[in-house]
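Undergrad: Sharing structure.csv, CSV, C-alpha atoms:
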```
chain,number,residue,atom,x,y,z
A,27,MET,CA,15.4,37.9,80.1
A,28,ASN,CA,11.8,37.9,79.1
A,29,GLU,CA,10.7,39.7,76.0
A,30,THR,CA,7.0,40.4,75.7
A,31,MET,CA,5.7,40.7,72.1
A,32,PRO,CA,2.5,42.6,71.2
A,33,ALA,CA,-0.7,40.6,70.8
A,34,ASP,CA,-0.1,38.4,67.8
A,35,ILE,CA,-3.7,38.0,66.9
A,36,PRO,CA,-5.9,40.7,68.4
A,37,GLY,CA,-9.4,41.2,67.3
A,38,ARG,CA,-12.7,39.5,66.5
A,39,GLY,CA,-14.8,38.5,63.7
A,40,VAL,CA,-14.1,37.3,60.2
A,41,ASP,CA,-10.8,39.2,59.8
A,42,ALA,CA,-9.4,37.7,63.0
A,43,LEU,CA,-10.4,34.2,61.9
A,44,ARG,CA,-8.8,34.7,58.5
A,45,GLN,CA,-5.6,36.0,60.1
A,46,LEU,CA,-5.4,33.1,62.6
A,47,ARG,CA,-5.9,30.5,59.8
A,48,ALA,CA,-3.2,32.1,57.7
A,49,MET,CA,-0.7,32.0,60.6
A,50,THR,CA,-1.5,28.4,61.6
A,51,ALA,CA,-2.0,26.9,58.1
A,52,ASP,CA,1.0,24.6,58.5
A,53,ILE,CA,0.2,23.7,62.2
A,54,CYS,CA,-3.6,23.0,62.4
A,55,ASP,CA,-7.0,23.7,61.0
A,56,VAL,CA,-9.0,26.2,63.0
A,57,VAL,CA,-12.8,25.6,63.3
A,58,PRO,CA,-14.9,28.2,65.0
A,59,LEU,CA,-17.7,26.8,67.2
A,60,THR,CA,-19.5,30.2,67.2
A,61,THR,CA,-20.6,32.3,64.2
A,62,GLU,CA,-17.6,33.8,62.4
A,63,ASP,CA,-18.8,37.3,63.4
A,64,ASN,CA,-18.6,36.3,67.1
A,65,PHE,CA,-15.2,34.6,66.7
A,66,HIS,CA,-12.6,36.3,69.0
A,67,VAL,CA,-9.0,35.4,69.9
A,68,THR,CA,-6.1,37.3,71.5
A,69,THR,CA,-2.7,35.8,71.8
A,70,VAL,CA,0.4,37.3,73.5
A,71,THR,CA,3.8,35.6,73.2
A,72,MET,CA,6.7,36.0,75.6
A,73,MET,CA,10.1,34.6,74.9
A,74,THR,CA,12.9,33.3,77.1
A,75,ARG,CA,16.2,31.7,76.0
A,76,ASN,CA,14.8,28.2,76.3
A,77,ALA,CA,11.0,28.5,75.7
A,78,LEU,CA,8.0,30.4,74.5
A,79,LEU,CA,5.1,31.3,76.8
A,80,VAL,CA,1.9,31.8,74.9
A,81,ASP,CA,-1.1,33.3,76.6
A,82,THR,CA,-4.4,32.9,74.6
A,83,ARG,CA,-7.9,34.0,75.2
A,84,ALA,CA,-10.5,32.6,72.8
A,85,THR,CA,-14.1,32.0,72.1
A,86,ASP,CA,-15.3,28.5,71.5
A,87,GLN,CA,-13.3,26.8,68.8
A,88,GLU,CA,-11.5,23.7,67.7
A,89,TYR,CA,-7.9,23.0,66.5
A,90,ASP,CA,-7.4,19.9,64.4
A,91,ARG,CA,-3.8,18.9,63.8
A,92,THR,CA,-3.9,16.2,61.2
A,93,PRO,CA,-1.2,13.8,60.0
A,94,ALA,CA,-0.7,16.1,57.0
A,95,HIS,CA,0.1,19.0,59.4
A,96,VAL,CA,2.5,16.8,61.3
A,97,ALA,CA,4.2,15.7,58.1
A,98,ARG,CA,5.0,19.3,57.2
A,99,GLY,CA,7.3,19.4,60.2
A,100,ALA,CA,6.4,23.0,61.2
A,101,MET,CA,6.1,22.2,64.9
A,102,ASP,CA,8.0,19.4,66.5
A,103,HIS,CA,7.7,20.6,70.1
A,104,PHE,CA,6.1,19.8,73.4
A,105,GLN,CA,3.6,22.1,75.1
A,106,ILE,CA,2.9,22.2,78.8
A,107,THR,CA,-0.5,23.9,78.9
A,108,LEU,CA,-2.3,25.4,81.8
A,109,CYS,CA,-6.1,25.9,81.6
A,110,VAL,CA,-6.8,29.2,83.4
A,111,GLU,CA,-10.4,29.7,82.4
A,112,GLY,CA,-13.0,27.7,80.6
A,113,GLU,CA,-12.6,24.1,79.5
A,114,MET,CA,-10.1,22.4,77.1
A,115,ARG,CA,-10.7,18.9,75.7
A,116,PHE,CA,-7.6,17.3,74.1
A,117,SER,CA,-7.3,14.0,72.3
A,118,SER,CA,-4.5,12.3,70.6
A,119,GLY,CA,-5.0,8.8,69.2
A,120,ARG,CA,-6.8,6.8,72.0
A,121,ARG,CA,-5.8,9.3,74.7
A,122,GLU,CA,-8.3,11.9,75.7
A,123,VAL,CA,-8.3,14.4,78.6
A,124,THR,CA,-10.6,17.2,79.8
A,125,MET,CA,-9.1,20.2,81.6
A,126,GLY,CA,-10.8,22.7,83.8
A,127,PRO,CA,-9.2,25.7,85.5
A,128,GLY,CA,-6.0,24.9,87.3
A,129,ALA,CA,-5.3,21.7,85.3
A,130,ILE,CA,-2.1,21.2,83.3
A,131,CYS,CA,-1.5,18.9,80.3
A,132,LEU,CA,1.6,17.8,78.5
A,133,ILE,CA,1.1,17.8,74.7
A,134,ASP,CA,3.3,16.3,72.0
A,135,MET,CA,2.9,18.4,68.9
A,136,ALA,CA,4.7,15.8,66.8
A,137,GLN,CA,1.6,13.6,66.9
A,138,PRO,CA,-1.9,14.3,65.4
A,139,ASN,CA,-4.3,15.8,67.9
A,140,ARG,CA,-7.5,17.6,68.4
A,141,THR,CA,-8.2,20.4,70.8
A,142,VAL,CA,-11.7,21.8,71.6
A,143,LEU,CA,-12.1,25.0,73.7
A,144,ARG,CA,-15.4,25.7,75.5
A,145,GLY,CA,-15.8,28.9,77.6
A,146,GLY,CA,-19.3,28.3,78.9
A,147,GLY,CA,-20.6,31.6,77.6
A,148,SER,CA,-17.3,33.4,78.2
A,149,ARG,CA,-13.8,32.9,76.7
A,150,THR,CA,-11.3,30.2,77.5
A,151,ARG,CA,-7.9,31.2,78.6
A,152,LEU,CA,-4.9,29.0,78.2
A,153,MET,CA,-1.2,29.5,79.0
A,154,ALA,CA,1.3,27.2,77.3
A,155,ILE,CA,5.0,26.8,77.7
A,156,ILE,CA,6.4,25.6,74.4
A,157,LEU,CA,9.6,23.6,74.6
A,158,GLN,CA,11.9,22.3,71.9
A,159,ARG,CA,11.8,18.5,71.6
A,160,ALA,CA,15.5,18.3,72.3
A,161,MET,CA,14.9,19.9,75.7
A,162,LEU,CA,12.1,17.7,77.0
A,163,ALA,CA,12.4,14.4,75.3
A,164,PRO,CA,15.7,13.4,77.1
A,165,ARG,CA,13.8,13.9,80.4
A,166,LEU,CA,11.2,11.3,79.4
A,167,ALA,CA,11.6,7.6,79.7
A,168,HIS,CA,9.2,7.1,76.8
A,169,PRO,CA,8.8,10.5,75.0
A,170,ASP,CA,6.6,9.1,72.2
A,171,SER,CA,3.9,8.0,74.7
A,172,ALA,CA,3.9,11.0,77.0
A,173,THR,CA,1.3,13.1,75.2
A,174,ALA,CA,-2.0,13.9,77.0
A,175,THR,CA,-0.4,13.4,80.4
A,176,LEU,CA,-2.8,15.3,82.8
A,177,LEU,CA,-2.0,16.9,86.1
A,178,PRO,CA,-5.4,17.7,87.4
A,179,SER,CA,-6.0,20.8,89.5
A,180,ASN,CA,-5.8,18.8,92.7
A,181,HIS,CA,-2.4,17.3,91.8
A,182,PRO,CA,0.3,18.0,94.5
A,183,HIS,CA,2.3,20.2,92.0
A,184,THR,CA,-0.3,22.0,89.9
A,185,ARG,CA,-0.8,25.0,92.2
A,186,LEU,CA,3.0,25.4,92.4
A,187,LEU,CA,3.4,25.2,88.7
A,188,ALA,CA,0.5,27.5,87.9
A,189,SER,CA,1.9,30.3,90.1
A,190,HIS,CA,5.0,30.3,87.9
A,191,TYR,CA,3.1,30.7,84.6
A,192,ALA,CA,1.8,34.1,85.9
A,193,ALA,CA,5.2,35.1,87.2
A,194,LEU,CA,6.9,34.3,83.8
A,195,THR,CA,4.8,37.1,82.2
A,196,LEU,CA,6.1,39.7,84.7
A,197,PRO,CA,9.5,41.5,84.7
A,198,PRO,CA,12.1,39.2,86.2
A,199,GLU,CA,13.0,39.5,89.9
A,200,PRO,CA,16.7,38.8,90.0
A,201,GLU,CA,16.5,37.4,93.6
A,202,ALA,CA,13.7,35.0,92.5
A,203,GLY,CA,15.9,33.2,90.0
A,204,SER,CA,16.0,33.3,86.2
A,205,ALA,CA,13.0,32.5,84.0
A,206,GLU,CA,15.2,29.9,82.3
A,207,ALA,CA,15.9,28.0,85.5
A,208,THR,CA,12.2,28.2,86.4
A,209,ILE,CA,11.2,26.6,83.1
A,210,GLU,CA,13.8,23.9,83.5
A,211,ALA,CA,12.3,23.1,86.9
A,212,ILE,CA,8.8,23.0,85.5
A,213,ALA,CA,10.0,20.7,82.7
A,214,ASP,CA,11.5,18.4,85.3
A,215,ILE,CA,8.3,18.1,87.4
A,216,VAL,CA,6.0,17.6,84.4
A,217,ALA,CA,8.4,15.0,82.9
A,218,ALA,CA,8.4,13.1,86.2
A,219,ALA,CA,4.6,13.1,86.2
A,220,ALA,CA,4.6,11.8,82.6
A,221,GLY,CA,7.2,9.1,83.3
A,222,GLY,CA,10.6,10.6,83.6
A,223,THR,CA,14.0,9.1,83.4
A,224,ALA,CA,15.7,7.9,86.6
A,225,ASP,CA,17.7,11.0,86.8
A,226,ILE,CA,14.6,13.2,86.5
A,227,ALA,CA,12.7,11.2,89.1
A,228,ALA,CA,15.6,11.7,91.5
A,229,GLY,CA,15.7,15.4,90.8
A,230,VAL,CA,12.1,16.3,91.4
A,231,GLU,CA,12.7,17.4,95.0
A,232,ARG,CA,15.4,19.8,93.8
A,233,ALA,CA,13.1,21.2,91.1
A,234,GLU,CA,10.3,21.6,93.6
A,235,ARG,CA,12.6,23.4,96.0
A,236,HIS,CA,13.6,25.8,93.3
A,237,LEU,CA,10.0,26.6,92.4
A,238,TYR,CA,8.9,27.1,96.0
A,239,LEU,CA,11.9,29.3,96.8
A,240,ALA,CA,11.3,31.4,93.7
A,241,MET,CA,7.6,31.8,94.5
A,242,ILE,CA,8.3,32.8,98.2
A,243,LYS,CA,11.0,35.2,97.1
A,244,ARG,CA,8.5,36.9,94.8
A,245,ARG,CA,6.1,37.3,97.7
A,246,ILE,CA,8.9,38.7,99.8
A,247,ALA,CA,9.8,41.2,97.1
A,248,ASP,CA,6.2,42.4,96.9
A,249,ASN,CA,5.7,42.8,100.6
A,250,LEU,CA,8.9,44.3,101.9
A,251,GLU,CA,7.1,47.3,103.4
A,252,THR,CA,4.5,45.2,105.1
A,253,ASP,CA,4.2,42.9,108.1
A,254,ALA,CA,3.3,39.9,105.9
A,255,LEU,CA,6.8,38.3,106.0
A,256,THR,CA,6.8,36.5,109.3
A,257,ALA,CA,7.6,32.8,109.2
A,258,ASP,CA,4.1,32.0,110.4
A,259,GLU,CA,2.5,34.1,107.7
A,260,LEU,CA,4.6,32.7,104.9
A,261,CYS,CA,3.9,29.1,106.1
A,262,ARG,CA,0.2,29.8,106.2
A,263,HIS,CA,0.2,31.4,102.8
A,264,PHE,CA,2.2,28.7,101.0
A,265,GLN,CA,0.9,25.8,103.1
A,266,ILE,CA,4.4,24.5,104.1
A,267,SER,CA,5.9,23.7,107.4
A,268,ARG,CA,8.2,26.0,109.3
A,269,ALA,CA,11.0,23.4,109.0
A,270,THR,CA,10.6,23.4,105.2
A,271,LEU,CA,10.6,27.2,105.0
A,272,TYR,CA,13.8,27.4,107.0
A,273,ARG,CA,15.5,24.7,104.9
A,274,LEU,CA,14.6,26.6,101.7
A,275,PHE,CA,16.5,29.7,103.0
A,276,GLU,CA,19.6,28.0,104.5
A,277,ALA,CA,21.8,29.0,101.5
A,278,ASP,CA,20.6,32.6,101.9
A,279,GLY,CA,21.7,32.8,105.5
A,280,GLY,CA,18.2,32.1,106.9
A,281,LEU,CA,14.8,33.7,106.3
A,282,SER,CA,15.3,36.7,108.6
A,283,HIS,CA,18.6,37.5,107.1
A,284,TYR,CA,17.3,37.3,103.6
A,285,VAL,CA,14.3,39.5,104.3
A,286,ARG,CA,16.5,42.1,106.0
A,287,GLU,CA,18.9,42.1,103.1
A,288,GLN,CA,16.1,42.7,100.6
A,289,ARG,CA,14.7,45.5,102.7
A,290,LEU,CA,18.1,47.1,102.8
A,291,ASN,CA,18.3,46.7,99.0
A,292,LEU,CA,15.0,48.4,98.6
A,293,ALA,CA,16.0,51.2,100.9
A,294,PHE,CA,19.1,51.7,98.8
A,295,ARG,CA,17.0,52.1,95.7
A,296,GLN,CA,14.7,54.5,97.4
A,297,LEU,CA,17.5,56.7,98.7
A,298,ILE,CA,19.0,57.3,95.3
A,299,SER,CA,15.6,58.2,93.9
A,300,PRO,CA,14.7,62.0,93.8
A,301,SER,CA,11.1,61.1,94.6
A,302,ALA,CA,12.3,60.1,98.1
A,303,GLU,CA,14.6,63.0,98.8
A,304,ASP,CA,12.2,64.4,101.4
A,305,THR,CA,11.6,61.1,103.2
A,306,ARG,CA,13.0,61.2,106.7
A,307,LEU,CA,15.4,58.4,107.7
A,308,ILE,CA,13.2,57.5,110.7
A,309,ASP,CA,10.2,57.1,108.3
A,310,LEU,CA,12.3,55.0,105.9
A,311,ALA,CA,13.5,52.8,108.8
A,312,VAL,CA,10.0,52.2,110.1
A,313,GLY,CA,8.8,51.5,106.5
A,314,MET,CA,11.4,48.8,106.3
A,315,ARG,CA,10.4,47.3,109.6
A,316,PHE,CA,13.5,48.3,111.5
A,317,SER,CA,13.1,49.0,115.3
A,318,SER,CA,14.8,52.4,115.1
A,319,ASP,CA,16.6,54.7,112.7
A,320,SER,CA,19.9,53.9,114.5
A,321,THR,CA,19.4,50.2,114.0
A,322,PHE,CA,18.6,50.8,110.3
A,323,ILE,CA,21.7,53.0,109.8
A,324,ARG,CA,24.0,50.4,111.4
A,325,ALA,CA,22.6,47.6,109.3
A,326,PHE,CA,22.9,49.8,106.2
A,327,ARG,CA,26.5,50.7,106.8
A,328,ARG,CA,27.5,47.1,107.4
A,329,LYS,CA,26.0,46.0,104.1
A,330,PHE,CA,27.0,48.9,101.8
A,331,GLY,CA,29.9,50.6,103.6
A,332,LEU,CA,28.3,54.0,104.0
A,333,THR,CA,25.4,55.5,105.9
A,334,PRO,CA,22.0,56.3,104.2
A,335,GLY,CA,22.8,60.0,104.5
A,336,GLU,CA,26.1,59.6,102.7
A,337,LEU,CA,24.4,57.6,100.0
A,338,ARG,CA,21.8,60.3,99.5
A,339,GLU,CA,24.6,62.9,99.3
A,340,LEU,CA,26.5,60.9,96.7
A,341,ALA,CA,23.3,60.4,94.6
A,342,ASP,CA,22.5,64.2,94.9
A,343,ASN,CA,26.0,65.1,93.7
A,344,TRP,CA,25.8,62.7,90.8
A,345,LEU,CA,22.4,64.2,89.8
A,346,ARG,CA,23.8,67.8,89.9
A,347,GLU,CA,26.9,66.9,87.9
A,348,THR,CA,25.3,64.8,85.2
A,349,GLY,CA,21.7,65.8,85.2
A,350,ALA,CA,20.7,62.2,85.5
A,351,VAL,CA,19.5,60.0,88.3
A,352,PRO,CA,22.2,57.4,89.0
A,353,THR,CA,21.5,53.7,88.6
A,354,ILE,CA,22.2,51.2,91.3
A,355,ASP,CA,25.1,49.8,89.4
A,356,THR,CA,26.5,53.3,88.9
A,357,VAL,CA,26.4,54.0,92.6
A,358,LEU,CA,27.9,50.6,93.5
A,359,HIS,CA,30.7,51.2,91.0
A,360,GLN,CA,31.4,54.6,92.6
A,361,LEU,CA,31.6,53.0,96.0
A,362,ALA,CA,34.0,50.3,94.8
A,363,ARG,CA,36.3,52.9,93.3
A,364,ARG,CA,36.2,54.9,96.5
A,365,ARG,CA,37.2,51.8,98.5
A,366,THR,CA,40.2,51.0,96.2
A,367,SER,CA,41.5,54.6,95.9
```
Show me this structure written as structure tokens.
TA:
Amino acid sequence: MNETMPADIPGRGVDALRQLRAMTADICDVVPLTTEDNFHVTTVTMMTRNALLVDTRATDQEYDRTPAHVARGAMDHFQITLCVEGEMRFSSGRREVTMGPGAICLIDMAQPNRTVLRGGGSRTRLMAIILQRAMLAPRLAHPDSATATLLPSNHPHTRLLASHYAALTLPPEPEAGSAEATIEAIADIVAAAAGGTADIAAGVERAERHLYLAMIKRRIADNLETDALTADELCRHFQISRATLYRLFEADGGLSHYVREQRLNLAFRQLISPSAEDTRLIDLAVGMRFSSDSTFIRAFRRKFGLTPGELRELADNWLRETGAVPTIDTVLHQLARRRTS
């Protein structure tokens, strides 16, 4: 489960610079490329069980990670960094890359390096997934030479990967897969680009499939009450073939079945909400793109074992008896007890 922490370093000017330097003293030297009064940085950190996601907006500045910093051992990690806005120049030894918006770079923090951010009159925005060395190094055939691996914005996988950076900052969608599994898949694809082991190279297609499926499921979740979920529309939006789309949803019983199931789940949530108590079933059915209220009722009863009207009555009774709106889990537990009694 994601946990979003408040902005770690909010603010501007001399105090913000002093705070950032104090926090990163064992990691790197921070050199502003503006006047100290115009210095500005905001960092938000999100945690999962297997990574940190760091979202940073900053004015022009330089980070210098020297051999002395590396020797302190404060950060023996890999970063998979996405440039969202501005420009980032990264160098480590003889390797140097320049990133614009949409590009992704693998960075080994166990090696000295230098990073320069230039916003072109605005701020640079970077999003970095920080992974423990023990997680990524086994995926790499030569982990000590993988730093500064660049996936440019036109790389076949960068658009796919970038879409998941944004999604990781949002509340998790259970049907879209866990954040941890998404990070594992991102690590597989980046490791393959940097020279992965034979097992990783063989598993890229599986990782790609996971990321595409999670991305498409998020779009479905966001558009259940619209007409934007046809196969043609999804293929156009994600630039994939119809055959690929259908293969992705084979384990879910097919695309149409999956979309209908998610619409029924949404209808379930709406029916137990007091805010929808005046909504007519025909309006709910039409909103969920069913052809009629009778078709909706039959599908609902097949899935949940009761009609929408019976569910609404059960939720109303629970509200009257407890004074609280029932959760989905509460209602499902009540239904399970009813079936076994």
Undergrad: Give the answer as one residue: which of A:Asp355, A:Glu113, A:Asp102, A:Glu259 has the shortest atom-to-atom distance to A:Ala84, using all atoms listed in the file?
TA: A:Glu113
Undergrad: Stretch 274-276 of chain A: which residues within 9 Å, counting only C-alpha atoms, same-chain residues fewer than 6 positions away excluded, as a ChimeraX atom specification?
TA: /A:235-236,238-239,284
Undergrad: Which is closest to A:Ala218 among A:His168, A:Arg115, A:Arg151, A:Arg159, if we use all atoms listed in the file?
TA: A:His168
Undergrad: Would you please work out which residue, of A:Ala94, A:Leu290, A:Ala136, A:Cys261, is nearest to A:Phe316 when using only C-alpha atoms?
TA: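 Among the listed residues, A:Leu290 lies closest to A:Phe316.
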Undergrad: What does the structure give for the distance between atom CA of A:Ile155 and atom CA of A:Ser189, in Å to one decimal?
TA: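 Here the two named atoms are 13.3 Å from each other.
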Undergrad: Stretch 100-110 of chain A, all listed atoms, 3 Å padding on each side: what axis-aligned box centre and edge lengths in Å to one decimal come out, as JSON?
TA:
```
{"center_x": 0.6, "center_y": 24.3, "center_z": 72.3, "size_x": 20.8, "size_y": 15.8, "size_z": 28.2}
```
Undergrad: Quick check, in Å to one decimal: how far apart do atom CA of A:Leu260 and atom CA of A:Arg244 lie?
TA: 11.6 Å
Undergrad: Residues within 10 Å of A:Arg327, please, as a ChimeraX atom specification. Count only C-alpha atoms; anything in the same chain fewer than 6 positions from it doesn't count.
TA: /A:290,333-334,336-337
Undergrad: With a distance cut-off of 9 Å and all atoms listed in the file, select the neighbouring residues of A:Thr124, excluding the residue or stretch itself and same-chain residues fewer than 3 positions from it, and output the selection as a PyMOL selection string.
TA: chain A and resi 113-117+129+176
Undergrad: Write the selection just made, keeping C-alpha atoms, as a compact mmCIF listing (two decimals), in the coordinates of the input?
TA:
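The new file out_1.txt reads:
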```txt
# COMPACT_ATOMS: atom_id res chain seq x y z
CA GLU A 113 -12.60 24.10 79.50
CA MET A 114 -10.10 22.40 77.10
CA ARG A 115 -10.70 18.90 75.70
CA PHE A 116 -7.60 17.30 74.10
CA SER A 117 -7.30 14.00 72.30
CA ALA A 129 -5.30 21.70 85.30
CA LEU A 176 -2.80 15.30 82.80
```
Undergrad: Could you check how far atom CA of A:Arg165 sits from atom CA of A:Ala207, in Å to one decimal?
TA: 15.1 Å
Undergrad: Using all atoms listed in the file, can you list as an NGL selection string the residues within 9 Å of (-9.8, 27.8, 89.8)?
TA: :A and (110-111 or 126-129 or 179)
Undergrad: Given only C-alpha atoms as the basis, pick out the residue of A:Ala172, A:Ala51, A:Leu196, A:Ala77 nearest to A:Arg91.
TA: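 Checking each candidate against A:Arg91, we get A:Ala51 as the closest.
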Undergrad: Give me, as a PyMOL selection string, all polymer residues having an atom no more than 8 Å from A:Val285, counting only C-alpha atoms and skipping those fewer than 2 positions away in the same chain.
TA: chain A and resi 246+250+255+281-283+287-289
Undergrad: Select from stretch 137-200 of chain A every residue with an atom at most 9 Å from any atom of stretch 58-71 of chain A, then for each give the shortest pair of atoms and their distance in Å to one decimal, using only C-alpha atoms, rows by chain and rising number, as a Markdown table.
TA:
```
| residue | atom | partner | partner_atom | distance |
| --- | --- | --- | --- | --- |
| A:Val142 | CA | A:Leu59 | CA | 9.0 |
| A:Leu143 | CA | A:Leu59 | CA | 8.8 |
| A:Arg144 | CA | A:Leu59 | CA | 8.7 |
| A:Arg149 | CA | A:His66 | CA | 8.5 |
```
Undergrad: Please return stretch 324-343 of chain A, rebuilt to N, CA, C and O atoms, as a PDB file, in the frame of the given file.
TA:
```
ATOM      1  N   ARG A 324      22.965  51.381 111.187  1.00  0.00           N
ATOM      2  CA  ARG A 324      24.000  50.400 111.400  1.00  0.00           C
ATOM      3  C   ARG A 324      23.989  49.269 110.439  1.00  0.00           C
ATOM      4  O   ARG A 324      25.012  48.846 109.875  1.00  0.00           O
ATOM      5  N   ALA A 325      22.790  48.724 110.216  1.00  0.00           N
ATOM      6  CA  ALA A 325      22.600  47.600 109.300  1.00  0.00           C
ATOM      7  C   ALA A 325      22.995  48.042 107.856  1.00  0.00           C
ATOM      8  O   ALA A 325      23.642  47.299 107.106  1.00  0.00           O
ATOM      9  N   PHE A 326      22.592  49.246 107.489  1.00  0.00           N
ATOM     10  CA  PHE A 326      22.900  49.800 106.200  1.00  0.00           C
ATOM     11  C   PHE A 326      24.359  49.940 105.940  1.00  0.00           C
ATOM     12  O   PHE A 326      24.901  49.569 104.892  1.00  0.00           O
ATOM     13  N   ARG A 327      25.046  50.493 106.944  1.00  0.00           N
ATOM     14  CA  ARG A 327      26.500  50.700 106.800  1.00  0.00           C
ATOM     15  C   ARG A 327      27.253  49.399 106.739  1.00  0.00           C
ATOM     16  O   ARG A 327      28.224  49.279 106.001  1.00  0.00           O
ATOM     17  N   ARG A 328      26.809  48.390 107.495  1.00  0.00           N
ATOM     18  CA  ARG A 328      27.500  47.100 107.400  1.00  0.00           C
ATOM     19  C   ARG A 328      27.345  46.478 106.030  1.00  0.00           C
ATOM     20  O   ARG A 328      28.267  45.846 105.532  1.00  0.00           O
ATOM     21  N   LYS A 329      26.210  46.665 105.406  1.00  0.00           N
ATOM     22  CA  LYS A 329      26.000  46.000 104.100  1.00  0.00           C
ATOM     23  C   LYS A 329      26.647  46.816 102.972  1.00  0.00           C
ATOM     24  O   LYS A 329      27.258  46.201 102.078  1.00  0.00           O
ATOM     25  N   PHE A 330      26.549  48.150 102.996  1.00  0.00           N
ATOM     26  CA  PHE A 330      27.000  48.900 101.800  1.00  0.00           C
ATOM     27  C   PHE A 330      28.265  49.750 102.076  1.00  0.00           C
ATOM     28  O   PHE A 330      28.810  50.314 101.125  1.00  0.00           O
ATOM     29  N   GLY A 331      28.711  49.858 103.303  1.00  0.00           N
ATOM     30  CA  GLY A 331      29.900  50.600 103.600  1.00  0.00           C
ATOM     31  C   GLY A 331      29.799  52.082 103.700  1.00  0.00           C
ATOM     32  O   GLY A 331      30.803  52.804 103.724  1.00  0.00           O
ATOM     33  N   LEU A 332      28.585  52.576 103.772  1.00  0.00           N
ATOM     34  CA  LEU A 332      28.300  54.000 104.000  1.00  0.00           C
ATOM     35  C   LEU A 332      26.944  54.137 104.624  1.00  0.00           C
ATOM     36  O   LEU A 332      26.140  53.200 104.602  1.00  0.00           O
ATOM     37  N   THR A 333      26.680  55.297 105.200  1.00  0.00           N
ATOM     38  CA  THR A 333      25.400  55.500 105.900  1.00  0.00           C
ATOM     39  C   THR A 333      24.341  55.917 104.819  1.00  0.00           C
ATOM     40  O   THR A 333      24.684  56.342 103.699  1.00  0.00           O
ATOM     41  N   PRO A 334      23.062  55.823 105.172  1.00  0.00           N
ATOM     42  CA  PRO A 334      22.000  56.300 104.200  1.00  0.00           C
ATOM     43  C   PRO A 334      22.194  57.756 103.867  1.00  0.00           C
ATOM     44  O   PRO A 334      21.972  58.128 102.708  1.00  0.00           O
ATOM     45  N   GLY A 335      22.617  58.589 104.843  1.00  0.00           N
ATOM     46  CA  GLY A 335      22.800  60.000 104.500  1.00  0.00           C
ATOM     47  C   GLY A 335      23.959  60.204 103.539  1.00  0.00           C
ATOM     48  O   GLY A 335      23.856  61.052 102.633  1.00  0.00           O
ATOM     49  N   GLU A 336      25.022  59.448 103.680  1.00  0.00           N
ATOM     50  CA  GLU A 336      26.100  59.600 102.700  1.00  0.00           C
ATOM     51  C   GLU A 336      25.724  59.083 101.340  1.00  0.00           C
ATOM     52  O   GLU A 336      26.136  59.662 100.320  1.00  0.00           O
ATOM     53  N   LEU A 337      24.912  58.038 101.271  1.00  0.00           N
ATOM     54  CA  LEU A 337      24.400  57.600 100.000  1.00  0.00           C
ATOM     55  C   LEU A 337      23.559  58.630  99.325  1.00  0.00           C
ATOM     56  O   LEU A 337      23.686  58.904  98.121  1.00  0.00           O
ATOM     57  N   ARG A 338      22.699  59.241 100.083  1.00  0.00           N
ATOM     58  CA  ARG A 338      21.800  60.300  99.500  1.00  0.00           C
ATOM     59  C   ARG A 338      22.649  61.441  99.010  1.00  0.00           C
ATOM     60  O   ARG A 338      22.369  61.995  97.936  1.00  0.00           O
ATOM     61  N   GLU A 339      23.693  61.819  99.738  1.00  0.00           N
ATOM     62  CA  GLU A 339      24.600  62.900  99.300  1.00  0.00           C
ATOM     63  C   GLU A 339      25.293  62.540  98.010  1.00  0.00           C
ATOM     64  O   GLU A 339      25.407  63.349  97.078  1.00  0.00           O
ATOM     65  N   LEU A 340      25.775  61.306  97.927  1.00  0.00           N
ATOM     66  CA  LEU A 340      26.500  60.900  96.700  1.00  0.00           C
ATOM     67  C   LEU A 340      25.534  60.896  95.514  1.00  0.00           C
ATOM     68  O   LEU A 340      25.911  61.342  94.425  1.00  0.00           O
ATOM     69  N   ALA A 341      24.290  60.441  95.697  1.00  0.00           N
ATOM     70  CA  ALA A 341      23.300  60.400  94.600  1.00  0.00           C
ATOM     71  C   ALA A 341      22.958  61.863  94.194  1.00  0.00           C
ATOM     72  O   ALA A 341      22.821  62.158  93.001  1.00  0.00           O
ATOM     73  N   ASP A 342      22.830  62.769  95.174  1.00  0.00           N
ATOM     74  CA  ASP A 342      22.500  64.200  94.900  1.00  0.00           C
ATOM     75  C   ASP A 342      23.643  64.807  94.057  1.00  0.00           C
ATOM     76  O   ASP A 342      23.399  65.559  93.097  1.00  0.00           O
ATOM     77  N   ASN A 343      24.888  64.531  94.442  1.00  0.00           N
ATOM     78  CA  ASN A 343      26.000  65.100  93.700  1.00  0.00           C
ATOM     79  C   ASN A 343      26.056  64.582  92.273  1.00  0.00           C
ATOM     80  O   ASN A 343      26.336  65.332  91.334  1.00  0.00           O
TER      81      ASN A 343
END
```
